[in-house]
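Q: model_0.pdb is the file, holding PDB, C-alpha atoms:
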ATOM      1  CA  MET A 340     111.301  97.064 113.208
ATOM      2  CA  ALA A 341     111.538 100.817 113.449
ATOM      3  CA  LEU A 342     108.379 102.023 115.204
ATOM      4  CA  GLN A 343     109.437 105.640 114.666
ATOM      5  CA  GLU A 344     109.432 105.222 110.874
ATOM      6  CA  TRP A 345     105.990 103.580 110.916
ATOM      7  CA  THR A 346     104.504 106.211 113.261
ATOM      8  CA  SER A 347     105.918 109.180 111.345
ATOM      9  CA  ILE A 348     104.593 107.851 108.007
ATOM     10  CA  PHE A 349     101.239 107.014 109.642
ATOM     11  CA  LYS A 350     100.991 110.526 111.094
ATOM     12  CA  ILE A 351     101.315 111.990 107.586
ATOM     13  CA  LYS A 352      98.842 109.524 106.060
ATOM     14  CA  ALA A 353      96.331 110.002 108.922
ATOM     15  CA  LYS A 354      95.879 113.659 107.903
ATOM     16  CA  LYS A 355      93.349 112.286 105.380
ATOM     17  CA  LEU A 356      91.164 111.217 108.324
ATOM     18  CA  LYS A 357      88.643 113.358 110.202
ATOM     19  CA  GLN A 358      90.717 116.273 111.512
ATOM     20  CA  GLU A 359      89.275 116.465 115.029
ATOM     21  CA  ASP A 360      90.084 112.782 115.661
ATOM     22  CA  PHE A 361      93.471 111.706 117.012
ATOM     23  CA  TRP A 362      95.022 108.466 115.722
ATOM     24  CA  CYS A 363      98.014 106.521 117.052
ATOM     25  CA  LEU A 364      99.770 103.373 115.875
ATOM     26  CA  GLY A 365     101.771 100.732 117.733
ATOM     27  CA  PHE A 366     103.079  97.203 117.313
ATOM     28  CA  ASP A 367     101.503  94.261 119.113
ATOM     29  CA  GLU A 368     103.185  90.866 118.652
ATOM     30  CA  ASN A 369     100.238  89.221 120.446
ATOM     31  CA  LEU A 370      97.658  90.366 117.902
ATOM     32  CA  VAL A 371      95.575  87.380 116.803
ATOM     33  CA  PRO A 372      94.378  87.418 113.172
ATOM     34  CA  ASP A 373      90.627  87.114 112.686
ATOM     35  CA  CYS A 374      90.039  87.781 116.419
ATOM     36  CA  PRO A 375      89.882  91.554 116.888
ATOM     37  CA  ASN A 376      88.557  92.733 120.252
ATOM     38  CA  MET A 377      84.910  93.802 120.360
ATOM     39  CA  GLY A 378      84.480  97.093 118.503
ATOM     40  CA  TRP A 379      87.758  96.677 116.602
ATOM     41  CA  LYS A 380      88.052  96.228 112.842
ATOM     42  CA  GLN A 381      90.668  94.176 111.005
ATOM     43  CA  TYR A 382      92.718  94.642 107.849
ATOM     44  CA  ILE A 383      95.151  91.962 106.648
ATOM     45  CA  ARG A 384      97.637  92.761 103.902
ATOM     46  CA  ASN A 385     100.485  91.001 102.162
ATOM     47  CA  THR A 386     103.727  92.924 101.575
ATOM     48  CA  CYS A 387     107.318  92.338 100.523
ATOM     49  CA  ALA A 388     110.318  92.344 102.861
ATOM     50  CA  ARG A 389     113.791  91.036 103.579
ATOM     51  CA  PHE A 390     114.845  88.753 106.413
ATOM     52  CA  LYS A 391     118.208  87.973 107.995
ATOM     53  CA  CYS A 392     118.939  84.912 110.120
ATOM     54  CA  THR A 393     120.418  85.836 113.494
ATOM     55  CA  LYS A 394     121.897  82.335 113.727
ATOM     56  CA  CYS A 395     123.882  82.040 110.440
ATOM     57  CA  GLY A 396     123.631  85.518 108.881
ATOM     58  CA  ARG A 397     121.884  84.289 105.719
ATOM     59  CA  GLY A 398     119.470  86.779 104.195
ATOM     60  CA  TRP A 399     116.476  86.210 101.946
ATOM     61  CA  PRO A 400     113.711  88.240 100.302
ATOM     62  CA  SER A 401     110.017  87.373 100.486
ATOM     63  CA  ASN A 402     107.006  88.636  98.588
ATOM     64  CA  ARG A 403     104.722  86.817 101.068
ATOM     65  CA  VAL A 404     104.919  88.764 104.323
ATOM     66  CA  MET A 405     101.609  89.102 106.112
ATOM     67  CA  VAL A 406     100.785  92.220 108.130
ATOM     68  CA  VAL A 407      97.695  92.358 110.359
ATOM     69  CA  PHE A 408      96.142  95.635 111.495
ATOM     70  CA  HIS A 409      93.439  95.992 114.144
ATOM     71  CA  MET A 410      91.844  99.428 114.437
ATOM     72  CA  CYS A 411      89.296 101.115 116.652
ATOM     73  CA  LEU A 412      87.824 104.619 116.863
ATOM     74  CA  THR A 413      86.192 105.592 120.161
ATOM     75  CA  GLY A 414      85.305 109.081 121.309
ATOM     76  CA  GLY A 415      87.519 110.820 118.757
ATOM     77  CA  ILE A 416      90.576 108.676 119.549
ATOM     78  CA  GLY A 417      91.717 106.051 117.069
ATOM     79  CA  PHE A 418      94.090 103.213 117.775
ATOM     80  CA  VAL A 419      95.871 100.962 115.301
ATOM     81  CA  LYS A 420      97.712  97.824 116.392
ATOM     82  CA  VAL A 421     100.107  96.220 113.906
ATOM     83  CA  ARG A 422     101.637  92.768 113.727
ATOM     84  CA  CYS A 423     104.132  91.787 111.035
ATOM     85  CA  PHE A 424     104.480  88.043 110.682
ATOM     86  CA  ARG A 425     107.935  86.499 110.802
ATOM     87  CA  GLN A 426     109.849  83.820 108.924
ATOM     88  CA  ASN A 427     112.794  81.621 109.848
ATOM     89  CA  CYS A 428     115.850  80.370 107.997
ATOM     90  CA  LYS A 429     115.370  77.151 106.036
ATOM     91  CA  MET A 430     119.089  76.334 106.314
ATOM     92  CA  CYS A 431     119.401  76.378 110.125
ATOM     93  CA  ASP A 432     118.165  73.755 112.541
ATOM     94  CA  LYS A 433     115.776  75.264 115.116
ATOM     95  CA  ALA A 434     116.214  78.725 113.603
ATOM     96  CA  PRO A 435     114.445  81.561 115.431
ATOM     97  CA  MET A 436     111.619  83.440 113.754
ATOM     98  CA  GLU A 437     113.009  86.674 112.305
ATOM     99  CA  THR A 438     111.276  90.053 112.054
ATOM    100  CA  PRO A 439     110.847  91.342 108.490
ATOM    101  CA  SER A 440     112.712  94.386 107.250
ATOM    102  CA  ILE A 441     110.139  96.245 105.161
ATOM    103  CA  SER A 442     111.338  99.042 102.865
ATOM    104  CA  SER A 443     110.163 102.606 103.484
ATOM    105  CA  GLU A 444     108.316 102.485 100.148
ATOM    106  CA  ASN A 445     106.345  99.404 101.162
ATOM    107  CA  ILE A 446     105.639 100.812 104.643
ATOM    108  CA  ASP A 447     104.272 103.898 102.876
ATOM    109  CA  ILE A 448     102.076 101.716 100.633
ATOM    110  CA  LEU A 449     100.852  99.595 103.581
ATOM    111  CA  LEU A 450      99.911 102.677 105.598
ATOM    112  CA  GLU A 451      98.272 104.440 102.650
ATOM    113  CA  ASN A 452      96.104 101.345 102.124
ATOM    114  CA  LEU A 453      95.461 101.160 105.894
ATOM    115  CA  VAL A 454      94.168 104.744 105.995
ATOM    116  CA  GLU A 455      91.819 103.902 103.099
ATOM    117  CA  LYS A 456      90.520 100.929 105.140
ATOM    118  CA  ILE A 457      90.099 103.140 108.234
ATOM    119  CA  ARG A 458      88.048 105.580 106.159
ATOM    120  CA  MET A 459      85.868 102.717 104.949
ATOM    121  CA  LYS A 460      85.568 100.696 108.174
ATOM    122  CA  CYS A 461      85.597 103.404 110.869
ATOM    123  CA  TYR A 462      84.083 106.361 109.013
ATOM    124  CA  HIS A 463      81.866 104.301 106.669
ATOM    125  CA  GLU A 464      83.086 106.149 103.564
ATOM    126  CA  ASN A 465      82.447 104.461 100.227
ATOM    127  CA  LEU A 466      85.742 104.962  98.410
ATOM    128  CA  GLY A 467      85.377 102.189  95.840
ATOM    129  CA  ARG A 468      89.152 101.936  95.416
ATOM    130  CA  ARG A 469      91.537  99.033  95.169
ATOM    131  CA  ASN A 470      94.695  98.682  97.224
ATOM    132  CA  ARG A 471      97.872 100.245  95.902
ATOM    133  CA  PRO A 472     100.226  97.336  95.013
ATOM    134  CA  ASN A 473     103.486  96.622  96.847
ATOM    135  CA  ILE A 474     106.908  96.961  95.304
ATOM    136  CA  SER A 475     107.926  93.337  94.714
ATOM    137  CA  LEU A 476     111.373  91.931  95.382
ATOM    138  CA  ASP A 477     113.431  89.647  93.136
ATOM    139  CA  VAL A 478     112.797  86.273  94.772
ATOM    140  CA  LYS A 479     114.638  83.226  93.383
ATOM    141  CA  SER A 480     113.023  80.439  95.421
ATOM    142  CA  PRO A 481     109.393  79.532  96.190
ATOM    143  CA  HIS A 482     107.596  80.478  99.379
ATOM    144  CA  GLU A 483     108.379  78.037 102.218
ATOM    145  CA  PRO A 484     105.205  77.449 104.297
ATOM    146  CA  ALA A 485     107.104  75.467 106.969
ATOM    147  CA  HIS A 486     109.244  78.555 107.677
ATOM    148  CA  CYS A 487     106.454  81.158 107.568
ATOM    149  CA  GLU A 488     104.726  82.136 110.822
ATOM    150  CA  ALA A 489     101.610  83.250 108.914
ATOM    151  CA  CYS A 490     101.370  79.922 107.019
ATOM    152  CA  ILE A 491     101.782  78.027 110.273
ATOM    153  CA  GLN A 492      98.850  80.042 111.685
ATOM    154  CA  GLY A 493      96.799  79.556 108.498
ATOM    155  CA  ILE A 494      96.553  83.156 107.313
ATOM    156  CA  CYS A 495      99.246  83.380 104.636
ATOM    157  CA  THR A 496      98.236  83.919 101.009
ATOM    158  CA  ARG A 497     100.251  81.418  99.014
ATOM    159  CA  SER A 498      98.401  81.699  95.721
TER     160      SER A 498
END
Using C-alpha cells, write down the structure from this file.
A:
Amino acid sequence: MALQEWTSIFKIKAKKLKQEDFWCLGFDENLVPDCPNMGWKQYIRNTCARFKCTKCGRGWPSNRVMVVFHMCLTGGIGFVKVRCFRQNCKMCDKAPMETPSISSENIDILLENLVEKIRMKCYHENLGRRNRPNISLDVKSPHEPAHCEACIQGICTRS
C-alpha cells in the first residue's frame, strides 16, 4: 500500500482541522480493532478494493474491505494509525493474506470521513453528518468470510 498517497491526501484533508495542531498518519499492521490505547479514539470503516494473489496471480474485487483507524490528539500533535484488513485467494491452498489495493477515489473518501470523525471525536464538534459513500466495484461472487481477515477476527460487516 502506498503510504505516500495516503499521507499526501491526509495532509490536504487535515487542513479542515484546527490549524495550530499538527497531524500525521501511518500504517500499523498490529492495530487491534476495538482495543485502542488509553486516550485513543477508534473509527472503523468499510471500503472497496482489489486484491491479487501472489501465489497464482488471480485477482478479485471486494466491496467488504475493513479499515481501522486509531487517532489521538495530545498537546497539539495528532496521530492516526491505519490498518487495512487483508483477504486471501479462495482458489489456492494455504494462500497468503494479500494487502488490498484501494483506489485513489476511495482513499480520498476514507480520509474525508476520517477527518470528520477526528473533528467529532478529538475536537468534540457536532457535525451531524453521515459518511460519504464509497465507490463500489462490480463484484460477481459473494463475500467469502473464510478468506477475509476481518471476518476471521469478527469485525467484518457482512450484511
Q: Using all atoms listed in the file, can you tell me which of A:Val404, A:Ser480, A:Leu364, A:Leu466 comes closest to Asn445 of chain A?
A: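 Of the candidates, the smallest distance to Asn445 of chain A is held by A:Val404.
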Q: Pick out the closest residue to Ile416 of chain A from this set: A:Ser347, A:Ala485, A:Lys354, A:Trp362. Count only C-alpha atoms.
A: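 The shortest atom-to-atom distance to Ile416 of chain A comes from A:Trp362.
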Q: Please enumerate the residues selected by the PyMOL selection byres ((chain A and resi 415) around 8) when evaluated against the supplied file, formatted as JSON, numbers by chain.
A: {"A": [359, 360, 361, 412, 413, 414, 416, 417]}
Q: Might you pull out every residue within 8 Å of Lys420 of chain A, with all atoms listed in the file counted and same-chain residues fewer than 5 positions away left off, and present them as number ranges by chain?
A: A: 364-367, 370, 408-410
Q: I'd like to see the residues matched by the PyMOL selection byres ((chain A and resi 384-400) around 8) on this file, and ideally I'd get them as a PyMOL selection string.
A: chain A and resi 382-383+401-407+426-428+431+434-435+437-442+445+449+473-478+496
Q: Could you put an axis-aligned box around every listed atom of segment 365-373 of chain A, padded by 4 Å on each side, and send me its centre and edge lengths in Å to one decimal, as JSON?
A:
{"center_x": 96.9, "center_y": 93.9, "center_z": 116.6, "size_x": 20.6, "size_y": 21.6, "size_z": 15.8}
Q: Mind pulling up the distance from atom CA of Ile457 of chain A to atom CA of Phe418 of chain A?
A: 10.3 Å
Q: Skip Ser443 of chain A itself and residues of its chain fewer than 5 positions away, then list as a tab-separated table (two decimals) with C-alpha atoms, in the frame of the given file all residues within 10 Å of it, counting all atoms listed in the file.
A:
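Final file, part-v9.tsv:
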chain	number	residue	atom	x	y	z
A	344	GLU	CA	109.43	105.22	110.87
A	345	TRP	CA	105.99	103.58	110.92
A	348	ILE	CA	104.59	107.85	108.01
A	448	ILE	CA	102.08	101.72	100.63
A	449	LEU	CA	100.85	99.60	103.58
Q: Taking the file as I've supplied it (selection: the PyMOL selection byres ((chain A and resi 352) around 10)), which residues are included? Please answer as a VMD selection string.
A: chain A and resid 346 to 351 353 to 356 447 450 to 455
Q: Write out as a list of chain:residue names which residues come within 6 Å of Glu488 of chain A when counting all atoms listed in the file, dropping same-chain ones fewer than 2 positions away.
A: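 After dropping sequence-adjacent residues, the list is A:Phe424, A:Arg425, A:Gln426, A:Cys490, A:Ile491.
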Q: Of the candidates A:Met436, A:Cys411, A:Cys363, A:Leu342, which shows the shortest atom-to-atom distance to Arg458 of chain A, using all atoms listed in the file?
A: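 Nearest candidate to Arg458 of chain A out of A:Met436, A:Cys411, A:Cys363, A:Leu342: A:Cys411.
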Q: One decimal, Å: what's the distance from atom CA of Lys380 of chain A over to atom CA of Arg471 of chain A, could you say?
A: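 It comes out at 20.0 Å.
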Q: At what distance in Å, to one decimal, does atom CA of Asn369 of chain A lie from atom CA of Cys423 of chain A?
A: 10.5 Å
